[in-house]
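> For reference, the structure I am asking about is given below.
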Amino acid sequence: MFSLDKYQSNHYITIMEIRQNKLTGEWIIISPERGKRPGDFKKKGIEDKKIPEYDKDCPFCDGNEKYLIHPFIMETQGVNENPWQTRVLLNKYPALTPEKDVSRSKKGIYLTMPAYGHHEVIIDHPKHNMCIGLMQEEEIRAVIETYWRRYTKLMEDERNLMVIIFQNHGVQAGTSLVHPHSQLIATGIVPSHLRVREEESLRYFDDFGRCVMCDILNYENKNRERMLFENDSFLSFIPFAAEVPFEIWIVPRKHNASFGDICEEERDKLASIFRKVMHLLYERLNDPDYNYMILSATRYAAFEPHIHWYLRIRPRLTTQAGFEIGSGISINPSLPEENAEFLRSELNR
Ligand SMILES: [Zn+2]
Ligand SMILES: [Zn+2]
């Protein structure tokens, strides 16, 4: 005989709650799979992966500059024994090009514009088998400095309405080259996710007279359930409505809408906390695939009291299924508080 109790215990009981991301207003289903513990999300098969320090066919390895078709836009000095530390160049297959302009035109009832923008690649380290999770703090400091210098430089051009810096690590995250690298995109258009966030934050500011992220920081600092690391300038924690298992935010304590406005000391502190977070992920989850991005204000919101820039890390430990693609609602099959505890337990060992 069909038993509703049995049916419910097999299916529905795992759905715990739907949580709202206060920055975007988006709702996320938090539905930990029964019997699955945070450690079960660890990436499998890391032992098989033997990547050499140098690959003769890799265009980003030191000494292989002959493979590159674009000159370097900038290079930072090597730390330790490294010949150089970071390099920036145009993407070989750019999605956007700076030679175009931002004028809109009509095609019937539709709008169109030339593919104006910058699409740059940042080589994060001279060694082929290096990754952010294994870099030393001075090396990560050079990566942050490179991000910041390119960000501020590109924001000088009024056509650039936003600059987004991101990294894809691992096949699941969509990377095509093993050599550690990041990408930067500057555009004359504003993507809807930034627009939505700015509008939501403005609504919150109108209601309460405060920045939503400043309120989140205060709350997480007191609550501590999801907290990871902190220093004088930054907090890192798993957000309340994490979209995926082990999503992490690194947020500056000082209110600043734009990443471009942080001072030298904050860049030092960012390198320090970023290294700790990425190393912990590497150790605890076996070098997981991930995407991270710096989410800063658009040009015209760069001094607003309601926007607060932050760095978002999104590990790729699960795959989206039809439910998420069809409904646009994410399901996180883990509990943010448990994930934070799992990561913190490494620190106390
Ligand atoms: Zn390489
Ligand atoms: Zn703020």
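Residue numbering restarts at 1 for every chain of the structure tokens, chains are lettered A, B, ... in their displayed order, and ligands are numbered from 1 as they appear.
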Could you give me, as a ChimeraX atom specification, the residues within 12 Å of Phe274 (chain A), counting only C-alpha atoms and dropping anything in the same chain fewer than 2 positions from it?
/A:132-141,143-144,228-231,233-237,248-252,266-272,276-281,292,294,310-313
> Could the residues in this selection be saved with C-alpha atoms as a CSV table (one decimal), in the first residue's frame?

```
chain,number,residue,atom,x,y,z
A,132,ILE,CA,46.3,30.3,-6.9
A,133,GLY,CA,45.8,27.7,-4.2
A,134,LEU,CA,49.5,26.9,-4.1
A,135,MET,CA,51.0,30.3,-4.7
A,136,GLN,CA,52.9,32.2,-2.0
A,137,GLU,CA,51.5,35.5,-0.7
A,138,GLU,CA,53.9,37.7,-2.6
A,139,GLU,CA,53.0,35.9,-5.8
A,140,ILE,CA,49.3,36.4,-5.2
A,141,ARG,CA,50.1,40.0,-4.3
A,143,VAL,CA,48.3,39.0,-9.3
A,144,ILE,CA,46.1,41.4,-7.3
A,228,LEU,CA,36.2,31.7,7.6
A,229,PHE,CA,39.0,34.2,7.8
A,230,GLU,CA,39.3,37.9,8.6
A,231,ASN,CA,41.9,40.6,8.8
A,233,SER,CA,40.5,45.1,5.9
A,234,PHE,CA,38.5,42.0,4.8
A,235,LEU,CA,36.1,39.3,6.0
A,236,SER,CA,35.6,36.0,4.2
A,237,PHE,CA,32.6,33.8,4.7
A,248,ILE,CA,32.8,32.1,-0.7
A,249,TRP,CA,32.7,35.8,-0.6
A,250,ILE,CA,35.7,38.0,0.3
A,251,VAL,CA,34.3,41.4,1.3
A,252,PRO,CA,36.2,44.6,2.2
A,266,GLU,CA,44.0,47.0,1.3
A,267,ARG,CA,45.6,45.3,-1.7
A,268,ASP,CA,48.2,43.7,0.6
A,269,LYS,CA,45.4,42.5,2.9
A,270,LEU,CA,43.4,41.2,0.0
A,271,ALA,CA,46.3,39.1,-1.2
A,272,SER,CA,46.8,37.7,2.3
A,276,LYS,CA,44.3,31.7,2.9
A,277,VAL,CA,40.9,31.0,1.3
A,278,MET,CA,42.2,29.5,-1.9
A,279,HIS,CA,44.8,27.4,-0.1
A,280,LEU,CA,42.1,26.1,2.2
A,281,LEU,CA,39.9,25.2,-0.7
A,292,TYR,CA,36.0,33.5,-9.2
A,294,ILE,CA,35.6,40.6,-8.8
A,310,TYR,CA,33.4,42.0,-3.4
A,311,LEU,CA,35.2,38.9,-4.6
A,312,ARG,CA,33.0,35.9,-5.2
A,313,ILE,CA,34.4,32.3,-5.5
```
> Among the residues of region 2-230 of chain A, find those DSSP assigns to alpha helix (DSSP H) from the backbone and print them as an MDAnalysis selection string.
chainID A and resid 4:10 137:155 192:208 212:223
> Residues of chain A that have any atom at most 9 Å from an atom of ligand 2: could you tabulate them with the shortest-distance atom pair and the distance in Å to one decimal, using only C-alpha atoms and all ligand atoms, ordered by chain and increasing number, as CSV?

```
residue,atom,partner,partner_atom_place_in_ligand_line,distance
A:Arg210,CA,ligand 2,1 (Zn),7.6
A:Cys211,CA,ligand 2,1 (Zn),4.5
A:Val212,CA,ligand 2,1 (Zn),6.4
A:Met213,CA,ligand 2,1 (Zn),4.9
A:Cys214,CA,ligand 2,1 (Zn),4.0
A:Asp215,CA,ligand 2,1 (Zn),7.4
A:Ile216,CA,ligand 2,1 (Zn),8.8
A:Leu217,CA,ligand 2,1 (Zn),8.4
A:Pro252,CA,ligand 2,1 (Zn),8.6
A:Arg253,CA,ligand 2,1 (Zn),7.9
A:Lys254,CA,ligand 2,1 (Zn),7.1
A:His255,CA,ligand 2,1 (Zn),4.2
A:Asn256,CA,ligand 2,1 (Zn),6.5
A:Ala257,CA,ligand 2,1 (Zn),7.4
A:Pro305,CA,ligand 2,1 (Zn),6.7
A:His306,CA,ligand 2,1 (Zn),6.2
A:Ile307,CA,ligand 2,1 (Zn),6.2
A:His308,CA,ligand 2,1 (Zn),4.6
A:Trp309,CA,ligand 2,1 (Zn),8.0
```
> Write the selection just made, keeping C-alpha atoms, as a PDB file, in the first residue's frame?

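Output file part.pdb follows:
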```pdb
ATOM      1  CA  ARG A 210      22.354  51.804   4.714  1.00  0.00           C
ATOM      2  CA  CYS A 211      24.380  49.693   2.283  1.00  0.00           C
ATOM      3  CA  VAL A 212      23.073  46.131   2.172  1.00  0.00           C
ATOM      4  CA  MET A 213      26.573  44.622   2.062  1.00  0.00           C
ATOM      5  CA  CYS A 214      27.682  46.714   5.078  1.00  0.00           C
ATOM      6  CA  ASP A 215      24.693  45.237   6.941  1.00  0.00           C
ATOM      7  CA  ILE A 216      25.586  41.713   5.773  1.00  0.00           C
ATOM      8  CA  LEU A 217      29.174  42.246   7.018  1.00  0.00           C
ATOM      9  CA  PRO A 252      36.202  44.638   2.210  1.00  0.00           C
ATOM     10  CA  ARG A 253      35.284  46.057   5.633  1.00  0.00           C
ATOM     11  CA  LYS A 254      35.558  49.585   4.310  1.00  0.00           C
ATOM     12  CA  HIS A 255      32.669  50.625   2.110  1.00  0.00           C
ATOM     13  CA  ASN A 256      33.864  51.144  -1.442  1.00  0.00           C
ATOM     14  CA  ALA A 257      31.744  50.684  -4.534  1.00  0.00           C
ATOM     15  CA  PRO A 305      26.761  54.552  -0.962  1.00  0.00           C
ATOM     16  CA  HIS A 306      24.637  51.489  -1.783  1.00  0.00           C
ATOM     17  CA  ILE A 307      27.102  49.414  -3.868  1.00  0.00           C
ATOM     18  CA  HIS A 308      29.908  47.492  -2.184  1.00  0.00           C
ATOM     19  CA  TRP A 309      32.459  45.608  -4.292  1.00  0.00           C
TER      20      TRP A 309
END
```
> Once you count only C-alpha atoms and all ligand atoms, which residues end up within 9 Å of ligand 1, and could you hand them over as a PDB file with N, CA and C atoms, in the first residue's frame?

```pdb
ATOM      1  N   PRO A  52      53.437  19.047 -15.665  1.00  0.00           N
ATOM      2  CA  PRO A  52      54.843  19.460 -15.546  1.00  0.00           C
ATOM      3  C   PRO A  52      54.959  20.961 -15.248  1.00  0.00           C
ATOM      4  N   GLU A  53      56.123  21.367 -14.746  1.00  0.00           N
ATOM      5  CA  GLU A  53      56.357  22.781 -14.416  1.00  0.00           C
ATOM      6  C   GLU A  53      56.478  23.627 -15.683  1.00  0.00           C
ATOM      7  N   TYR A  54      56.930  22.964 -16.769  1.00  0.00           N
ATOM      8  CA  TYR A  54      57.100  23.657 -18.051  1.00  0.00           C
ATOM      9  C   TYR A  54      56.526  22.767 -19.150  1.00  0.00           C
ATOM     10  N   ASP A  55      55.793  23.386 -20.098  1.00  0.00           N
ATOM     11  CA  ASP A  55      55.252  22.618 -21.223  1.00  0.00           C
ATOM     12  C   ASP A  55      55.734  23.305 -22.500  1.00  0.00           C
ATOM     13  N   LYS A  56      56.445  22.587 -23.319  1.00  0.00           N
ATOM     14  CA  LYS A  56      57.068  23.212 -24.505  1.00  0.00           C
ATOM     15  C   LYS A  56      56.038  23.777 -25.485  1.00  0.00           C
ATOM     16  N   ASP A  57      54.806  23.274 -25.424  1.00  0.00           N
ATOM     17  CA  ASP A  57      53.771  23.748 -26.356  1.00  0.00           C
ATOM     18  C   ASP A  57      52.866  24.833 -25.774  1.00  0.00           C
ATOM     19  N   CYS A  58      53.093  25.202 -24.522  1.00  0.00           N
ATOM     20  CA  CYS A  58      52.190  26.174 -23.882  1.00  0.00           C
ATOM     21  C   CYS A  58      52.638  27.607 -24.196  1.00  0.00           C
ATOM     22  N   PRO A  59      51.762  28.427 -24.759  1.00  0.00           N
ATOM     23  CA  PRO A  59      52.163  29.791 -25.119  1.00  0.00           C
ATOM     24  C   PRO A  59      52.435  30.694 -23.918  1.00  0.00           C
ATOM     25  N   PHE A  60      51.966  30.299 -22.722  1.00  0.00           N
ATOM     26  CA  PHE A  60      52.142  31.159 -21.544  1.00  0.00           C
ATOM     27  C   PHE A  60      53.386  30.814 -20.730  1.00  0.00           C
ATOM     28  N   CYS A  61      54.040  29.680 -21.053  1.00  0.00           N
ATOM     29  CA  CYS A  61      55.232  29.300 -20.296  1.00  0.00           C
ATOM     30  C   CYS A  61      56.400  30.215 -20.659  1.00  0.00           C
ATOM     31  N   ASP A  62      57.294  30.432 -19.689  1.00  0.00           N
ATOM     32  CA  ASP A  62      58.451  31.289 -19.913  1.00  0.00           C
ATOM     33  C   ASP A  62      59.319  30.694 -21.022  1.00  0.00           C
ATOM     34  N   ASN A  64      58.419  30.649 -24.213  1.00  0.00           N
ATOM     35  CA  ASN A  64      57.575  30.282 -25.363  1.00  0.00           C
ATOM     36  C   ASN A  64      56.871  31.493 -25.980  1.00  0.00           C
ATOM     37  N   HIS A 125      51.295  33.417 -13.369  1.00  0.00           N
ATOM     38  CA  HIS A 125      52.540  32.863 -12.813  1.00  0.00           C
ATOM     39  C   HIS A 125      53.350  32.271 -13.964  1.00  0.00           C
ATOM     40  N   PRO A 126      54.704  32.337 -13.897  1.00  0.00           N
ATOM     41  CA  PRO A 126      55.477  31.738 -15.000  1.00  0.00           C
ATOM     42  C   PRO A 126      55.406  30.210 -15.047  1.00  0.00           C
ATOM     43  N   LYS A 127      55.120  29.565 -13.902  1.00  0.00           N
ATOM     44  CA  LYS A 127      55.121  28.091 -13.890  1.00  0.00           C
ATOM     45  C   LYS A 127      53.796  27.509 -14.362  1.00  0.00           C
ATOM     46  N   HIS A 128      53.918  26.532 -15.250  1.00  0.00           N
ATOM     47  CA  HIS A 128      52.771  25.895 -15.890  1.00  0.00           C
ATOM     48  C   HIS A 128      51.861  25.180 -14.889  1.00  0.00           C
ATOM     49  N   ASN A 129      52.455  24.563 -13.864  1.00  0.00           N
ATOM     50  CA  ASN A 129      51.651  23.720 -12.955  1.00  0.00           C
ATOM     51  C   ASN A 129      51.260  24.446 -11.668  1.00  0.00           C
ATOM     52  N   LEU A 177      43.001  26.323 -21.141  1.00  0.00           N
ATOM     53  CA  LEU A 177      44.452  26.230 -20.982  1.00  0.00           C
ATOM     54  C   LEU A 177      44.790  25.933 -19.523  1.00  0.00           C
ATOM     55  N   VAL A 178      45.705  24.998 -19.319  1.00  0.00           N
ATOM     56  CA  VAL A 178      46.068  24.611 -17.954  1.00  0.00           C
ATOM     57  C   VAL A 178      46.850  25.722 -17.250  1.00  0.00           C
ATOM     58  N   HIS A 179      47.736  26.383 -17.986  1.00  0.00           N
ATOM     59  CA  HIS A 179      48.617  27.389 -17.390  1.00  0.00           C
ATOM     60  C   HIS A 179      47.790  28.427 -16.608  1.00  0.00           C
ATOM     61  N   PRO A 180      48.191  28.723 -15.351  1.00  0.00           N
ATOM     62  CA  PRO A 180      47.356  29.606 -14.524  1.00  0.00           C
ATOM     63  C   PRO A 180      47.171  30.993 -15.140  1.00  0.00           C
TER      64      PRO A 180
END
```
> Taking the backbone alone, and naming residues the way the document does, which bits of region 56-260 of chain A are strand (DSSP E) by DSSP, as a PDB file with C-alpha atoms, in the first residue's frame?

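Printed below is selection_34.pdb as written:
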```
ATOM      1  CA  PHE A  72      52.582  42.220 -23.543  1.00  0.00           C
ATOM      2  CA  ILE A  73      50.498  45.108 -22.241  1.00  0.00           C
ATOM      3  CA  MET A  74      52.267  44.905 -18.902  1.00  0.00           C
ATOM      4  CA  GLU A  75      54.570  42.663 -16.898  1.00  0.00           C
ATOM      5  CA  THR A  76      55.370  42.611 -13.179  1.00  0.00           C
ATOM      6  CA  GLN A  77      58.757  41.869 -11.695  1.00  0.00           C
ATOM      7  CA  TRP A  84      58.737  37.668 -14.160  1.00  0.00           C
ATOM      8  CA  GLN A  85      55.597  37.341 -12.093  1.00  0.00           C
ATOM      9  CA  THR A  86      52.538  38.262 -14.133  1.00  0.00           C
ATOM     10  CA  ARG A  87      51.985  39.290 -17.729  1.00  0.00           C
ATOM     11  CA  VAL A  88      48.997  40.827 -19.498  1.00  0.00           C
ATOM     12  CA  LEU A  89      48.155  40.511 -23.182  1.00  0.00           C
ATOM     13  CA  LEU A  90      45.160  40.650 -25.474  1.00  0.00           C
ATOM     14  CA  SER A 105      22.009  51.537 -34.432  1.00  0.00           C
ATOM     15  CA  LYS A 106      18.670  50.096 -35.471  1.00  0.00           C
ATOM     16  CA  LYS A 107      17.940  47.010 -37.511  1.00  0.00           C
ATOM     17  CA  TYR A 110      16.013  45.777 -33.035  1.00  0.00           C
ATOM     18  CA  LEU A 111      19.074  47.479 -31.544  1.00  0.00           C
ATOM     19  CA  THR A 112      22.638  46.570 -32.396  1.00  0.00           C
ATOM     20  CA  GLY A 117      35.415  46.171 -25.543  1.00  0.00           C
ATOM     21  CA  HIS A 118      38.661  44.824 -24.146  1.00  0.00           C
ATOM     22  CA  HIS A 119      39.309  41.151 -23.609  1.00  0.00           C
ATOM     23  CA  GLU A 120      42.644  40.562 -21.922  1.00  0.00           C
ATOM     24  CA  VAL A 121      44.442  37.566 -20.492  1.00  0.00           C
ATOM     25  CA  ILE A 122      46.507  37.802 -17.331  1.00  0.00           C
ATOM     26  CA  ILE A 123      49.185  35.134 -16.964  1.00  0.00           C
ATOM     27  CA  MET A 162      32.307  48.049 -16.384  1.00  0.00           C
ATOM     28  CA  VAL A 163      35.440  45.991 -15.950  1.00  0.00           C
ATOM     29  CA  ILE A 164      35.050  42.437 -14.777  1.00  0.00           C
ATOM     30  CA  ILE A 165      38.004  40.268 -13.753  1.00  0.00           C
ATOM     31  CA  PHE A 166      37.602  36.544 -13.405  1.00  0.00           C
ATOM     32  CA  GLN A 167      39.368  33.232 -13.370  1.00  0.00           C
ATOM     33  CA  ASN A 168      38.201  29.832 -14.556  1.00  0.00           C
ATOM     34  CA  HIS A 169      40.117  26.959 -13.005  1.00  0.00           C
ATOM     35  CA  HIS A 181      45.664  32.647 -16.010  1.00  0.00           C
ATOM     36  CA  SER A 182      42.818  35.084 -15.412  1.00  0.00           C
ATOM     37  CA  GLN A 183      40.764  37.159 -17.801  1.00  0.00           C
ATOM     38  CA  LEU A 184      39.570  40.720 -17.870  1.00  0.00           C
ATOM     39  CA  ILE A 185      36.670  42.127 -19.840  1.00  0.00           C
ATOM     40  CA  ALA A 186      35.835  45.819 -20.212  1.00  0.00           C
ATOM     41  CA  THR A 187      32.590  46.666 -21.977  1.00  0.00           C
ATOM     42  CA  MET A 227      32.808  32.915   8.921  1.00  0.00           C
ATOM     43  CA  LEU A 228      36.171  31.720   7.582  1.00  0.00           C
ATOM     44  CA  PHE A 229      39.047  34.213   7.761  1.00  0.00           C
ATOM     45  CA  GLU A 230      39.293  37.888   8.627  1.00  0.00           C
ATOM     46  CA  PHE A 234      38.522  41.981   4.815  1.00  0.00           C
ATOM     47  CA  LEU A 235      36.127  39.275   5.950  1.00  0.00           C
ATOM     48  CA  SER A 236      35.642  35.970   4.153  1.00  0.00           C
ATOM     49  CA  PHE A 237      32.601  33.797   4.691  1.00  0.00           C
ATOM     50  CA  ILE A 248      32.785  32.050  -0.657  1.00  0.00           C
ATOM     51  CA  TRP A 249      32.714  35.846  -0.550  1.00  0.00           C
ATOM     52  CA  ILE A 250      35.684  38.021   0.333  1.00  0.00           C
ATOM     53  CA  VAL A 251      34.318  41.432   1.290  1.00  0.00           C
ATOM     54  CA  PRO A 252      36.202  44.638   2.210  1.00  0.00           C
TER      55      PRO A 252
END
```
> Could you tell me how far CA of Lys100 (chain A) lies from CA of Glu158 (chain A), in Å and to one decimal?
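Distance reported for this atom pair: 13.8 Å.
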> Using only C-alpha atoms for the distances, tell me which of A:Glu341, A:Glu324, A:Asp261, A:Asp124 is nearest to Phe303 (chain A).
A:Asp261
> Contacts between region 334-338 of chain A and region 133-251 of chain A, please, where a residue of region 133-251 of chain A counts if it comes within 9 Å (with only C-alpha atoms); show its shortest atom pair and distance in Å to one decimal, rows by chain and ascending number, as JSON lines.

```
{"residue": "A:Glu225", "atom": "CA", "partner": "A:Glu337", "partner_atom": "CA", "distance": 5.8}
{"residue": "A:Arg226", "atom": "CA", "partner": "A:Glu337", "partner_atom": "CA", "distance": 5.2}
{"residue": "A:Met227", "atom": "CA", "partner": "A:Glu337", "partner_atom": "CA", "distance": 8.7}
{"residue": "A:Ile238", "atom": "CA", "partner": "A:Pro336", "partner_atom": "CA", "distance": 6.1}
{"residue": "A:Pro239", "atom": "CA", "partner": "A:Pro336", "partner_atom": "CA", "distance": 7.1}
{"residue": "A:Phe240", "atom": "CA", "partner": "A:Pro336", "partner_atom": "CA", "distance": 6.5}
{"residue": "A:Ala241", "atom": "CA", "partner": "A:Pro336", "partner_atom": "CA", "distance": 7.6}
{"residue": "A:Ala242", "atom": "CA", "partner": "A:Pro336", "partner_atom": "CA", "distance": 6.5}
{"residue": "A:Val244", "atom": "CA", "partner": "A:Ser334", "partner_atom": "CA", "distance": 7.8}
{"residue": "A:Pro245", "atom": "CA", "partner": "A:Ser334", "partner_atom": "CA", "distance": 5.7}
{"residue": "A:Phe246", "atom": "CA", "partner": "A:Pro336", "partner_atom": "CA", "distance": 7.0}
{"residue": "A:Glu247", "atom": "CA", "partner": "A:Pro336", "partner_atom": "CA", "distance": 8.3}
```
> Could you give me, as a list in words, the residues within 9 Å of Gly170 (chain A), counting only C-alpha atoms and dropping anything in the same chain fewer than 4 positions from it?
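Near Gly170 (chain A), the qualifying residues are Gly174, Thr175, Ser176, Leu177, Val178, Asp287, Pro288, Asp289, Tyr290, Asn291 and Arg316 of chain A.
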> Just the selected residues (N, CA and C atoms), exported as a short mmCIF file (atom, residue, chain, number, x, y, z; two decimals), in the first residue's frame, please.

```cif
data_model
loop_
_atom_site.label_atom_id
_atom_site.label_comp_id
_atom_site.auth_asym_id
_atom_site.auth_seq_id
_atom_site.Cartn_x
_atom_site.Cartn_y
_atom_site.Cartn_z
N GLY A 174 35.34 25.56 -17.27
CA GLY A 174 35.37 26.05 -18.65
C GLY A 174 36.72 26.57 -19.12
N THR A 175 37.79 26.19 -18.45
CA THR A 175 39.09 26.69 -18.90
C THR A 175 39.62 25.84 -20.06
N SER A 176 40.33 26.51 -20.98
CA SER A 176 40.85 25.78 -22.14
C SER A 176 42.36 25.60 -22.04
N LEU A 177 43.00 26.32 -21.14
CA LEU A 177 44.45 26.23 -20.98
C LEU A 177 44.79 25.93 -19.52
N VAL A 178 45.71 25.00 -19.32
CA VAL A 178 46.07 24.61 -17.95
C VAL A 178 46.85 25.72 -17.25
N ASP A 287 41.90 20.49 -4.67
CA ASP A 287 42.05 21.34 -5.86
C ASP A 287 40.78 21.36 -6.71
N PRO A 288 39.69 21.87 -6.15
CA PRO A 288 38.42 21.86 -6.91
C PRO A 288 38.47 22.81 -8.11
N ASP A 289 37.67 22.51 -9.12
CA ASP A 289 37.48 23.46 -10.22
C ASP A 289 36.66 24.61 -9.65
N TYR A 290 36.89 25.80 -10.16
CA TYR A 290 36.13 26.95 -9.64
C TYR A 290 36.14 28.10 -10.64
N ASN A 291 35.25 29.04 -10.42
CA ASN A 291 35.29 30.35 -11.08
C ASN A 291 35.33 31.36 -9.95
N ARG A 316 33.10 24.55 -8.58
CA ARG A 316 32.26 23.77 -9.50
C ARG A 316 32.29 22.32 -9.06
#
```
> Using only C-alpha atoms, can you tell me which of A:Met113, A:Val79, A:Val102, A:Leu96 comes closest to Ala142 (chain A)?
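Using only C-alpha atoms, Ala142 (chain A) sits closest to A:Val79.
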